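**Student:** The structure follows.
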Amino acid sequence: MPGPVKLGDIAARLGARVIGGAETLIEQVASLEHAGPRHLAFYSGPRYRAQLAATRAGAVILAPQAEAATKLPRLVADNPHACFAKAAQLLNPVAPPSTGVHASAQVHSAAGVAPSACIEAGAVVGAGAVVGERAWIGAGCYVGEGATIGADSHLHPHAVVYGGCRLGARVIVHAGAVIGADGFGLANEDGRWVKVPQIGRVLIGDDVEIGANTTIDRGALDDTVIEEGVKLDNQIQIGHNCRIGAHTAMAGCVGVAGSAVIGRHCTFGAAAMILGHLSICDGVRVSAGTLISRSIHKPGTYTGIFPFDENAAWLRNAALLRRLSELAARVGELEKTRGKRNKRHG
Amino acid sequence: MPGPVKLGDIAARLGARVIGGAETLIEQVASLEHAGPRHLAFYSGPRYRAQLAATRAGAVILAPQAEAATKLPRLVADNPHACFAKAAQLLNPVAPPSTGVHASAQVHSAAGVAPSACIEAGAVVGAGAVVGERAWIGAGCYVGEGATIGADSHLHPHAVVYGGCRLGARVIVHAGAVIGADGFGLANEDGRWVKVPQIGRVLIGDDVEIGANTTIDRGALDDTVIEEGVKLDNQIQIGHNCRIGAHTAMAGCVGVAGSAVIGRHCTFGAAAMILGHLSICDGVRVSAGTLISRSIHKPGTYTGIFPFDENAAWLRNAALLRRLSELAARVGELEKTRGKRNKRHG
Amino acid sequence: MPGPVKLGDIAARLGARVIGGAETLIEQVASLEHAGPRHLAFYSGPRYRAQLAATRAGAVILAPQAEAATKLPRLVADNPHACFAKAAQLLNPVAPPSTGVHASAQVHSAAGVAPSACIEAGAVVGAGAVVGERAWIGAGCYVGEGATIGADSHLHPHAVVYGGCRLGARVIVHAGAVIGADGFGLANEDGRWVKVPQIGRVLIGDDVEIGANTTIDRGALDDTVIEEGVKLDNQIQIGHNCRIGAHTAMAGCVGVAGSAVIGRHCTFGAAAMILGHLSICDGVRVSAGTLISRSIHKPGTYTGIFPFDENAAWLRNAALLRRLSELAARVGELEKTRGKRNKRHG
């Protein structure tokens with residue numbers, strides 16, 4: 001965290017309008033609930049009106065339609081959430097501890113590490129690997145033979161990038177993520193599995209973020225591709241040969257089976273599951289816990305969740321669900337009876 | 001494993017009652033099925049009666065109501081499972097290989113490591129980090145800047161604790177777990193995602209256990225809190241700003257989305273999924289595979305699982321499920337017809 | 001990749017029949033779509049007829065019934081997928097960078113490492129551990145006290161094998177996998193959890209492959225067993241005391257709760273979930289996203305997936321699902337009415 005900044009200066013930097021107290025000194029962002037006089041808080045809407053009334057924040061960011069909701073010094077922005085994100089970035093710049101290679105790191109003599117890059121303790125960088133300007137390779141990371149890490153990218157401790165994979169610029173990879181492990185390629189011969197070598201790569205575009213312990217498999221023959229601006233949360237599994245379109249976001253525990261092609265600007269709720277070889281068009285929203293078993297060609301929101309209930313009620317309904325076709329047949333039978341009767345009575 | 005212990009001494013240590021053979025020497029715990037004469041086994045109930053009859057165990061732990069179920073030397077305890085757990089702990093004490101910092105570990109000069117702590121090979125401890133008395137930091141672990149590891153805690157190899165996070169006393173963290181990675185905080189601006197810096201911490205209470213490859217994200221502004229005595233199995237994902245109440249247990253693959261507040265003494269079956277911003281009261285049991293999409297205010301057991309079936313039967317029922325509203329409409333139609341007819345016939 | 005190989009030599013090595021161009025030089029396998037003149041591609045069936053017609057591949061592998069589908073040089077094999085897998089293996093031999101122990105690796109003096117084994121940078125091998133001939137322990141791996149790694153096995157970077165676990169020959173473990181962490185064994189005493197020490201091991205047979213960030217827990221008292229030829233994809237969780245039968249394959253994100261016994265030659269789709277203490281016979285196929293809550297004694301395919309739909313349609317159907325027992329009661333009521341009426345009219 002740098003020193004305090006005047007609210008007016010933040011407004012100028014972010015293109016926001018300031019109302020009252022442009023001289024207010026801001027040191028950090030905080031929640032409405034816990035903010036103090038040197039904090040800038042974010043008011044997202046009426047649900048938080050009580051918290052806004054009670055806040056001790058030095059200033060608040062809000063939307064034009066809410067600008068009269070408080071008398072505190074405030075920043076007004078058309079997209080207050082994005083404005084708050086940028087203010088938080090301004091107050092919390094990220095920088096590596098130092099440049100250069102730590103004495104305990106193992107960088108192959110045939111690797112190309114930019115002088116402005118930082119390689120932390122115990123990291124391993126293989127032959128032919130390239131680490132770009134200002135890239136930051138955290139403690140214990142592994143960058144395999146011939147892999148490329150773009151400028152300004154940041155691998156948190158213990159991230160693993162297998163040989164040959166390519167990360168663009170400003171990519172963030174969290175701890176324990178594994179990029180480029182073998183896809184699940186198997187041929188069956190007389191009941192035994194024969195491994196299909198996985199010789200494709202993983203190609204990751206600029207500005208992608210990859211969560212902790214997420215795994216992205218290398219392609220079988222061609223490459224697995226994560227386009228620019230994709231955001232993946234933790235514990236996600238992306239199978240071999242997938243393509244994830246630009247600016248798509250996936251919440252934690254999502255799984256995408258092999259060779260699925262997913263469009264741009266899609267969102268996937270937690271633990272959504274996409275079967276293999278499907279194609280999903282741009283602008284699709286998949287709800288949490290939903291298994292997508294067919295291609296989707298129309299933007300929109302798609303859901304498939306068994307509604308939870310008290311256990312006893314669930315037991316009753318679930319038992320009936322197993323006999324749903326029987327129930328439908330009984331209804332059909334009633335309809336036939338009525339049909340006859342209607343004829344008789346008609 | 002220490003040397004053999006007399007059954008009577010175990011009974012005295014655990015406050016159990018011994019029947020027959022207090023002099024029996026016990027070296028280890030074992031299952032009824034595989035136990036030998038120097039083993040202590042656990043009889044959990046009638047389901048295992050045949051195994052009890054056939055066991056070659058030197059002694060058995062059981063409940064008062066089962067004390068006549070065998071003639072073997074035995075320990076009788078009101079809570080035989082807990083008694084067995086403690087007997088197993090007694091016979092399997094856990095201790096680090098040695099105290100001190102391994103030559104290949106990288107401990108920052110501004111870190112505070114207790115003299116009785118053990119830092120194994122290749123571990124990295126950042127500036128300002130504190131490692132408590134008798135804490136055990138396994139090989140290749142990462143303890144970030146300003147993080148705190150409480151007394152008697154044990155990080156298994158390759159556990160990662162990001163900067164600023166705090167673990168209490170007697171916390172166990174298994175390999176590959178990641179504590180404190182960034183939460184999934186994004187603002188959307190014209191179709192692109194803007195990262196919201198995650199400046200909260202993860203605070204973990206005493207006696208918490210965290211399974212292999214589990215991830216717990218740091219808070220966005222405030223902290224993510226795991227209260228004392230919580231037990232998390234493997235591959236669990238806890239989103240930013242969650243609070244998990246004391247003594248709650250979660251089985252493998254559970255996911256908790258951001259800002260969920262979960263009560264004390266809850267249990268979650270494998271792969272249960274909790275959506276964000278929900279609140280779940282104390283004493284709730286969520287069944288495996290159940291997605292919780294609304295807050296729960298009443299203790300009890302909650303379930304939502306699609307019952308599995310042979311594929312052909314499932315196909316029939318699932319197809320009907322998509323037309324359930326149509327089926328209900330047909331029933332409504334039949335009821336109307338009957339209503340008219342009843343009038344006619346009435 | 002070694003130098004180019006004649007198509008006829010590949011045919012001879014794999015026992016395939018060559019048609020046309022046995023002298024064609026092949027350097028690599030590739031997809032029909034991206035293959036060039038020195039590439040061997042695989043034609044899996046009519047779905048890819050257009051790609052076969054357009055391919056620039058030097059040669060193609062296909063089944064006897066498809067041998068007339070192209071005029072290109074080709075290999076004909078009864079099991080073309082397995083033949084392609086073996087051709088790809090031939091053209092992509094896997095070998096460690098060198099034999100011997102890297103200077104930065106920490107191998108305990110009481111460990112037994114075969115002279116032909118390769119231990120990469122930063123790896124840790126504990127006391128009493130055994131690493132077999134030609135085994136390859138990747139950068140930063142951890143092999144605990146008394147663990148055994150069989151001949152020709154390959155641990156990719158950052159794999160963790162806890163003490164006492166045993167891996168057979170030709171086992172592949174991908175990055176971030178954790179073998180032998182404690183199972184989730186807890187006894188409840190007055191609302192608090194008492195840890196049950198997990199003193200069993202993990203035993204892994206020959207030719208097993210384990211995906212990135214997959215976790216396999218050690219047994220509580222007895223062992224967790226993964227039989228020969230089992231293939232596990234990424235992010236899978238296997239609970240303590242499970243037994244997975246030989247040649248069974250599991251796709252990504254599958255979970256198997258403790259003490260489940262799973263047969264041989266089974267397949268599990270992505271994110272399938274198996275509850276604990278169940279038994280599943282040989283030859284069972286579980287569909288993706290299916291939760292298995294009861295033992296299965298008959299081979300076949302089993303499914304339980306809530307069909308996804310557009311959100312509005314799902315909302316309607318899901319709401320009705322919660323009232324399914326009510327709907328069934330209404331149908332029963334109609335049937336009773338009809339019964340009476342039929343009597344009246346009969």
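The chains in the structure tokens are called A, B, ... from first to last as shown; in each chain the residues are counted from 1, and the ligands are counted from 1 in the order shown.
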May I have the residues of chain C within 7 Å of chain B, counting only C-alpha atoms, written as a PDB file with N, CA, C and O atoms, in the first residue's frame?
**Tutor:**
ATOM      1  N   GLY C 122      15.463 -29.993  -6.728  1.00  0.00           N
ATOM      2  CA  GLY C 122      14.584 -29.664  -5.624  1.00  0.00           C
ATOM      3  C   GLY C 122      13.724 -30.798  -5.120  1.00  0.00           C
ATOM      4  O   GLY C 122      12.938 -30.605  -4.187  1.00  0.00           O
ATOM      5  N   GLY C 176       1.196 -32.087  -9.033  1.00  0.00           N
ATOM      6  CA  GLY C 176       0.229 -31.678  -8.032  1.00  0.00           C
ATOM      7  C   GLY C 176      -0.605 -32.809  -7.463  1.00  0.00           C
ATOM      8  O   GLY C 176      -1.405 -32.581  -6.556  1.00  0.00           O
ATOM      9  N   VAL C 178      -1.504 -35.836  -5.102  1.00  0.00           N
ATOM     10  CA  VAL C 178      -1.096 -36.116  -3.730  1.00  0.00           C
ATOM     11  C   VAL C 178      -1.539 -37.525  -3.367  1.00  0.00           C
ATOM     12  O   VAL C 178      -2.743 -37.821  -3.356  1.00  0.00           O
ATOM     13  N   ALA C 181      -2.226 -38.740   1.571  1.00  0.00           N
ATOM     14  CA  ALA C 181      -2.623 -37.832   2.646  1.00  0.00           C
ATOM     15  C   ALA C 181      -3.618 -38.564   3.549  1.00  0.00           C
ATOM     16  O   ALA C 181      -4.186 -39.590   3.174  1.00  0.00           O
ATOM     17  N   PHE C 184     -10.276 -38.950   5.734  1.00  0.00           N
ATOM     18  CA  PHE C 184     -11.142 -38.075   6.540  1.00  0.00           C
ATOM     19  C   PHE C 184     -11.769 -38.933   7.639  1.00  0.00           C
ATOM     20  O   PHE C 184     -12.936 -39.330   7.556  1.00  0.00           O
ATOM     21  N   ALA C 187     -13.979 -38.976  14.775  1.00  0.00           N
ATOM     22  CA  ALA C 187     -15.001 -39.426  15.710  1.00  0.00           C
ATOM     23  C   ALA C 187     -15.554 -38.180  16.388  1.00  0.00           C
ATOM     24  O   ALA C 187     -14.813 -37.234  16.650  1.00  0.00           O
ATOM     25  N   ASN C 188     -16.849 -38.175  16.629  1.00  0.00           N
ATOM     26  CA  ASN C 188     -17.428 -36.998  17.261  1.00  0.00           C
ATOM     27  C   ASN C 188     -17.604 -37.234  18.756  1.00  0.00           C
ATOM     28  O   ASN C 188     -18.154 -38.252  19.181  1.00  0.00           O
ATOM     29  N   GLU C 189     -17.107 -36.302  19.538  1.00  0.00           N
ATOM     30  CA  GLU C 189     -17.245 -36.403  20.988  1.00  0.00           C
ATOM     31  C   GLU C 189     -17.779 -35.080  21.503  1.00  0.00           C
ATOM     32  O   GLU C 189     -17.083 -34.071  21.448  1.00  0.00           O
ATOM     33  N   GLY C 191     -19.745 -32.983  20.241  1.00  0.00           N
ATOM     34  CA  GLY C 191     -19.773 -31.908  19.263  1.00  0.00           C
ATOM     35  C   GLY C 191     -18.421 -31.516  18.702  1.00  0.00           C
ATOM     36  O   GLY C 191     -18.346 -30.696  17.785  1.00  0.00           O
ATOM     37  N   ARG C 192     -17.351 -32.080  19.236  1.00  0.00           N
ATOM     38  CA  ARG C 192     -16.022 -31.806  18.689  1.00  0.00           C
ATOM     39  C   ARG C 192     -15.510 -33.052  17.983  1.00  0.00           C
ATOM     40  O   ARG C 192     -15.870 -34.169  18.324  1.00  0.00           O
ATOM     41  N   TRP C 193     -14.660 -32.815  17.004  1.00  0.00           N
ATOM     42  CA  TRP C 193     -14.136 -33.933  16.224  1.00  0.00           C
ATOM     43  C   TRP C 193     -12.802 -34.399  16.791  1.00  0.00           C
ATOM     44  O   TRP C 193     -11.920 -33.590  17.050  1.00  0.00           O
ATOM     45  N   VAL C 194     -12.684 -35.704  16.945  1.00  0.00           N
ATOM     46  CA  VAL C 194     -11.419 -36.303  17.378  1.00  0.00           C
ATOM     47  C   VAL C 194     -10.813 -37.002  16.167  1.00  0.00           C
ATOM     48  O   VAL C 194     -11.481 -37.799  15.510  1.00  0.00           O
ATOM     49  N   LYS C 195      -9.569 -36.687  15.874  1.00  0.00           N
ATOM     50  CA  LYS C 195      -8.924 -37.266  14.692  1.00  0.00           C
ATOM     51  C   LYS C 195      -8.628 -38.748  14.906  1.00  0.00           C
ATOM     52  O   LYS C 195      -8.067 -39.138  15.928  1.00  0.00           O
ATOM     53  N   VAL C 196      -8.990 -39.563  13.928  1.00  0.00           N
ATOM     54  CA  VAL C 196      -8.605 -40.965  13.916  1.00  0.00           C
ATOM     55  C   VAL C 196      -7.333 -41.073  13.080  1.00  0.00           C
ATOM     56  O   VAL C 196      -7.368 -40.835  11.873  1.00  0.00           O
ATOM     57  N   PRO C 197      -6.206 -41.395  13.697  1.00  0.00           N
ATOM     58  CA  PRO C 197      -4.967 -41.486  12.915  1.00  0.00           C
ATOM     59  C   PRO C 197      -5.146 -42.438  11.735  1.00  0.00           C
ATOM     60  O   PRO C 197      -5.821 -43.463  11.855  1.00  0.00           O
ATOM     61  N   ASN C 213      -3.247 -32.941  -9.865  1.00  0.00           N
ATOM     62  CA  ASN C 213      -4.027 -32.514  -8.698  1.00  0.00           C
ATOM     63  C   ASN C 213      -5.060 -33.533  -8.234  1.00  0.00           C
ATOM     64  O   ASN C 213      -5.985 -33.180  -7.500  1.00  0.00           O
ATOM     65  N   THR C 215      -6.116 -36.629  -5.824  1.00  0.00           N
ATOM     66  CA  THR C 215      -5.712 -37.003  -4.466  1.00  0.00           C
ATOM     67  C   THR C 215      -6.211 -38.406  -4.134  1.00  0.00           C
ATOM     68  O   THR C 215      -7.365 -38.748  -4.423  1.00  0.00           O
ATOM     69  N   LEU C 221      -6.952 -47.932   8.627  1.00  0.00           N
ATOM     70  CA  LEU C 221      -6.252 -49.034   9.298  1.00  0.00           C
ATOM     71  C   LEU C 221      -5.652 -49.948   8.237  1.00  0.00           C
ATOM     72  O   LEU C 221      -4.477 -50.258   8.285  1.00  0.00           O
ATOM     73  N   ASP C 222      -6.464 -50.361   7.289  1.00  0.00           N
ATOM     74  CA  ASP C 222      -5.968 -51.163   6.178  1.00  0.00           C
ATOM     75  C   ASP C 222      -5.525 -50.210   5.074  1.00  0.00           C
ATOM     76  O   ASP C 222      -5.396 -49.026   5.293  1.00  0.00           O
ATOM     77  N   THR C 290     -23.191 -38.161 -12.443  1.00  0.00           N
ATOM     78  CA  THR C 290     -24.129 -39.062 -11.771  1.00  0.00           C
ATOM     79  C   THR C 290     -23.642 -39.400 -10.376  1.00  0.00           C
ATOM     80  O   THR C 290     -22.482 -39.753 -10.197  1.00  0.00           O
ATOM     81  N   LEU C 291     -24.526 -39.302  -9.395  1.00  0.00           N
ATOM     82  CA  LEU C 291     -24.181 -39.670  -8.025  1.00  0.00           C
ATOM     83  C   LEU C 291     -24.692 -41.077  -7.742  1.00  0.00           C
ATOM     84  O   LEU C 291     -25.891 -41.343  -7.835  1.00  0.00           O
ATOM     85  N   ILE C 292     -23.777 -41.955  -7.405  1.00  0.00           N
ATOM     86  CA  ILE C 292     -24.144 -43.348  -7.132  1.00  0.00           C
ATOM     87  C   ILE C 292     -24.316 -43.500  -5.621  1.00  0.00           C
ATOM     88  O   ILE C 292     -23.362 -43.356  -4.864  1.00  0.00           O
ATOM     89  N   THR C 301     -24.925 -49.530 -17.909  1.00  0.00           N
ATOM     90  CA  THR C 301     -24.714 -48.091 -17.833  1.00  0.00           C
ATOM     91  C   THR C 301     -25.736 -47.476 -16.895  1.00  0.00           C
ATOM     92  O   THR C 301     -26.935 -47.770 -17.007  1.00  0.00           O
ATOM     93  N   TYR C 302     -25.264 -46.628 -15.997  1.00  0.00           N
ATOM     94  CA  TYR C 302     -26.138 -46.024 -14.987  1.00  0.00           C
ATOM     95  C   TYR C 302     -26.024 -44.504 -15.056  1.00  0.00           C
ATOM     96  O   TYR C 302     -24.927 -43.973 -15.200  1.00  0.00           O
ATOM     97  N   THR C 303     -27.141 -43.840 -14.926  1.00  0.00           N
ATOM     98  CA  THR C 303     -27.175 -42.397 -15.122  1.00  0.00           C
ATOM     99  C   THR C 303     -28.133 -41.738 -14.152  1.00  0.00           C
ATOM    100  O   THR C 303     -29.163 -42.313 -13.796  1.00  0.00           O
ATOM    101  N   GLY C 304     -27.825 -40.539 -13.752  1.00  0.00           N
ATOM    102  CA  GLY C 304     -28.729 -39.726 -12.949  1.00  0.00           C
ATOM    103  C   GLY C 304     -28.341 -38.264 -13.101  1.00  0.00           C
ATOM    104  O   GLY C 304     -27.564 -37.741 -12.332  1.00  0.00           O
ATOM    105  N   ILE C 305     -28.851 -37.640 -14.136  1.00  0.00           N
ATOM    106  CA  ILE C 305     -28.496 -36.243 -14.431  1.00  0.00           C
ATOM    107  C   ILE C 305     -29.783 -35.448 -14.560  1.00  0.00           C
ATOM    108  O   ILE C 305     -30.682 -35.847 -15.304  1.00  0.00           O
ATOM    109  N   PHE C 306     -29.855 -34.345 -13.905  1.00  0.00           N
ATOM    110  CA  PHE C 306     -30.984 -33.443 -14.105  1.00  0.00           C
ATOM    111  C   PHE C 306     -30.793 -32.783 -15.464  1.00  0.00           C
ATOM    112  O   PHE C 306     -29.801 -32.093 -15.690  1.00  0.00           O
ATOM    113  N   PRO C 307     -31.730 -32.985 -16.399  1.00  0.00           N
ATOM    114  CA  PRO C 307     -31.544 -32.418 -17.742  1.00  0.00           C
ATOM    115  C   PRO C 307     -31.591 -30.897 -17.689  1.00  0.00           C
ATOM    116  O   PRO C 307     -32.492 -30.322 -17.090  1.00  0.00           O
ATOM    117  N   ARG C 316     -39.896 -23.601 -14.068  1.00  0.00           N
ATOM    118  CA  ARG C 316     -41.233 -24.197 -14.036  1.00  0.00           C
ATOM    119  C   ARG C 316     -41.173 -25.667 -13.605  1.00  0.00           C
ATOM    120  O   ARG C 316     -41.901 -26.095 -12.713  1.00  0.00           O
ATOM    121  N   ASN C 317     -40.292 -26.417 -14.263  1.00  0.00           N
ATOM    122  CA  ASN C 317     -40.248 -27.853 -13.997  1.00  0.00           C
ATOM    123  C   ASN C 317     -39.695 -28.154 -12.611  1.00  0.00           C
ATOM    124  O   ASN C 317     -40.159 -29.056 -11.925  1.00  0.00           O
ATOM    125  N   LEU C 320     -42.280 -27.697 -10.007  1.00  0.00           N
ATOM    126  CA  LEU C 320     -43.211 -28.822  -9.994  1.00  0.00           C
ATOM    127  C   LEU C 320     -42.572 -30.054  -9.362  1.00  0.00           C
ATOM    128  O   LEU C 320     -43.246 -30.854  -8.703  1.00  0.00           O
ATOM    129  N   LEU C 327     -48.623 -34.011  -7.142  1.00  0.00           N
ATOM    130  CA  LEU C 327     -49.143 -34.318  -8.475  1.00  0.00           C
ATOM    131  C   LEU C 327     -49.571 -35.780  -8.553  1.00  0.00           C
ATOM    132  O   LEU C 327     -50.644 -36.107  -9.080  1.00  0.00           O
ATOM    133  N   VAL C 331     -53.272 -37.478  -9.360  1.00  0.00           N
ATOM    134  CA  VAL C 331     -53.553 -38.516 -10.357  1.00  0.00           C
ATOM    135  C   VAL C 331     -54.265 -39.694  -9.686  1.00  0.00           C
ATOM    136  O   VAL C 331     -55.239 -40.239 -10.210  1.00  0.00           O
TER     137      VAL C 331
END
**Student:** DSSP says helix (DSSP H, G or I) for which residues of segment 22-241 of chain C? Put them as a PyMOL selection string?
**Tutor:** chain C and resi 46-54+64-66+80-91
**Student:** Take the residues from that selection and put them in a file with N, CA and C atoms, as an mmCIF file, in the first residue's frame.
**Tutor:**
data_model
loop_
_atom_site.group_PDB
_atom_site.id
_atom_site.type_symbol
_atom_site.label_atom_id
_atom_site.label_comp_id
_atom_site.auth_asym_id
_atom_site.auth_seq_id
_atom_site.Cartn_x
_atom_site.Cartn_y
_atom_site.Cartn_z
ATOM 1 N N PRO C 46 -16.923 -42.180 -40.005
ATOM 2 C CA PRO C 46 -17.636 -41.346 -40.979
ATOM 3 C C PRO C 46 -17.843 -39.897 -40.547
ATOM 4 N N ARG C 47 -17.904 -39.662 -39.232
ATOM 5 C CA ARG C 47 -18.074 -38.288 -38.762
ATOM 6 C C ARG C 47 -16.969 -37.374 -39.288
ATOM 7 N N TYR C 48 -15.820 -37.958 -39.593
ATOM 8 C CA TYR C 48 -14.670 -37.155 -40.040
ATOM 9 C C TYR C 48 -14.371 -37.342 -41.531
ATOM 10 N N ARG C 49 -15.380 -37.744 -42.307
ATOM 11 C CA ARG C 49 -15.173 -38.034 -43.721
ATOM 12 C C ARG C 49 -14.674 -36.804 -44.486
ATOM 13 N N ALA C 50 -15.276 -35.646 -44.193
ATOM 14 C CA ALA C 50 -14.878 -34.426 -44.897
ATOM 15 C C ALA C 50 -13.425 -34.078 -44.575
ATOM 16 N N GLN C 51 -13.034 -34.241 -43.309
ATOM 17 C CA GLN C 51 -11.652 -33.955 -42.937
ATOM 18 C C GLN C 51 -10.694 -34.931 -43.596
ATOM 19 N N LEU C 52 -11.127 -36.183 -43.754
ATOM 20 C CA LEU C 52 -10.280 -37.164 -44.430
ATOM 21 C C LEU C 52 -10.069 -36.762 -45.884
ATOM 22 N N ALA C 53 -11.142 -36.310 -46.511
ATOM 23 C CA ALA C 53 -11.056 -35.918 -47.928
ATOM 24 C C ALA C 53 -10.109 -34.738 -48.103
ATOM 25 N N ALA C 54 -10.070 -33.848 -47.112
ATOM 26 C CA ALA C 54 -9.287 -32.614 -47.247
ATOM 27 C C ALA C 54 -7.889 -32.718 -46.661
ATOM 28 N N PRO C 64 -10.275 -51.763 -41.149
ATOM 29 C CA PRO C 64 -10.455 -52.493 -42.412
ATOM 30 C C PRO C 64 -11.701 -52.055 -43.179
ATOM 31 N N GLN C 65 -12.799 -51.831 -42.463
ATOM 32 C CA GLN C 65 -14.035 -51.462 -43.168
ATOM 33 C C GLN C 65 -13.955 -50.073 -43.794
ATOM 34 N N ALA C 66 -12.925 -49.291 -43.413
ATOM 35 C CA ALA C 66 -12.776 -47.941 -43.969
ATOM 36 C C ALA C 66 -11.591 -47.848 -44.919
ATOM 37 N N PRO C 80 -7.837 -49.508 -34.845
ATOM 38 C CA PRO C 80 -7.004 -48.395 -35.337
ATOM 39 C C PRO C 80 -6.683 -47.372 -34.251
ATOM 40 N N HIS C 81 -7.559 -47.209 -33.259
ATOM 41 C CA HIS C 81 -7.275 -46.239 -32.201
ATOM 42 C C HIS C 81 -6.064 -46.698 -31.389
ATOM 43 N N ALA C 82 -6.051 -47.971 -31.014
ATOM 44 C CA ALA C 82 -4.903 -48.484 -30.257
ATOM 45 C C ALA C 82 -3.647 -48.455 -31.127
ATOM 46 N N CYS C 83 -3.808 -48.745 -32.411
ATOM 47 C CA CYS C 83 -2.664 -48.727 -33.328
ATOM 48 C C CYS C 83 -2.103 -47.311 -33.428
ATOM 49 N N PHE C 84 -3.005 -46.350 -33.505
ATOM 50 C CA PHE C 84 -2.564 -44.949 -33.562
ATOM 51 C C PHE C 84 -1.847 -44.567 -32.267
ATOM 52 N N ALA C 85 -2.387 -45.009 -31.132
ATOM 53 C CA ALA C 85 -1.760 -44.705 -29.845
ATOM 54 C C ALA C 85 -0.323 -45.228 -29.824
ATOM 55 N N LYS C 86 -0.154 -46.455 -30.327
ATOM 56 C CA LYS C 86 1.195 -47.044 -30.311
ATOM 57 C C LYS C 86 2.124 -46.361 -31.306
ATOM 58 N N ALA C 87 1.595 -45.978 -32.459
ATOM 59 C CA ALA C 87 2.415 -45.235 -33.425
ATOM 60 C C ALA C 87 2.866 -43.914 -32.799
ATOM 61 N N ALA C 88 1.954 -43.271 -32.089
ATOM 62 C CA ALA C 88 2.300 -42.007 -31.437
ATOM 63 C C ALA C 88 3.358 -42.220 -30.356
ATOM 64 N N GLN C 89 3.258 -43.337 -29.639
ATOM 65 C CA GLN C 89 4.281 -43.643 -28.630
ATOM 66 C C GLN C 89 5.647 -43.845 -29.288
ATOM 67 N N LEU C 90 5.621 -44.547 -30.419
ATOM 68 C CA LEU C 90 6.850 -44.837 -31.154
ATOM 69 C C LEU C 90 7.539 -43.541 -31.584
ATOM 70 N N LEU C 91 6.732 -42.582 -32.012
ATOM 71 C CA LEU C 91 7.282 -41.327 -32.538
ATOM 72 C C LEU C 91 7.555 -40.311 -31.434
#
**Student:** What parts of segment 226-332 of chain C does DSSP call strand (DSSP E or B)? I'd like the answer as number ranges by chain.
**Tutor:** C: 226, 231-232, 237-238, 243-244, 249-250, 255-256, 261-262, 267-268, 273-274, 279-280, 284-286, 291-292, 296, 300-303, 309-310
**Student:** List as a ChimeraX atom specification the protein and nucleic acid residues near segment 2-12 of chain B, meaning an atom at most 9 Å away when only C-alpha atoms are counted, but skip any in the same chain fewer than 4 places from it.
**Tutor:** /B:16-18,21-28,38,40,59,73-76,87,90-93
**Student:** Quick one: distance from atom CA of Val130 of chain A to atom CA of Glu145 of chain A in Å, one decimal?
**Tutor:**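 One can read the atom CA of Val130 of chain A to atom CA of Glu145 of chain A distance as 9.1 Å.
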**Student:** Which of these, C:Ser279, C:Ser109, C:Thr337, C:Ser116, has the shortest distance to Lys298 of chain C once you count only C-alpha atoms?
**Tutor:** C:Ser279
**Student:** For atom CA of Cys242 of chain C and atom CA of Val225 of chain C, quote the distance in Å rounded to one decimal.
**Tutor:**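 These atoms are spaced 6.3 Å apart.
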**Student:** Contacts of Ser153 of chain C at 8 Å or less, counting only C-alpha atoms, minus same-chain residues fewer than 2 places along, as a PyMOL selection string?
**Tutor:** chain C and resi 132+134-136+149-151+155+168-172
**Student:** Residues at most 10 Å from Tyr162 of chain C, counting only C-alpha atoms, excluding those fewer than 4 positions away in the same chain, as a list in words?
**Tutor:**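 The residues that qualify are His156, Pro157 and Ala175 of chain B; Gly126, Tyr142, Val143, Gly144, Glu145, Gly146, Ala147, Arg166, Val178, Ile179, Gly180, Ala181, Asp182, Arg201, Val202, Asp217 and Arg218 of chain C.
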**Student:** Report, in Å with one decimal, the straight-line distance from atom CA of Leu186 of chain B to atom CA of Phe42 of chain A.
**Tutor:**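 So the two atoms, atom CA of Leu186 of chain B and atom CA of Phe42 of chain A, lie 13.8 Å apart.
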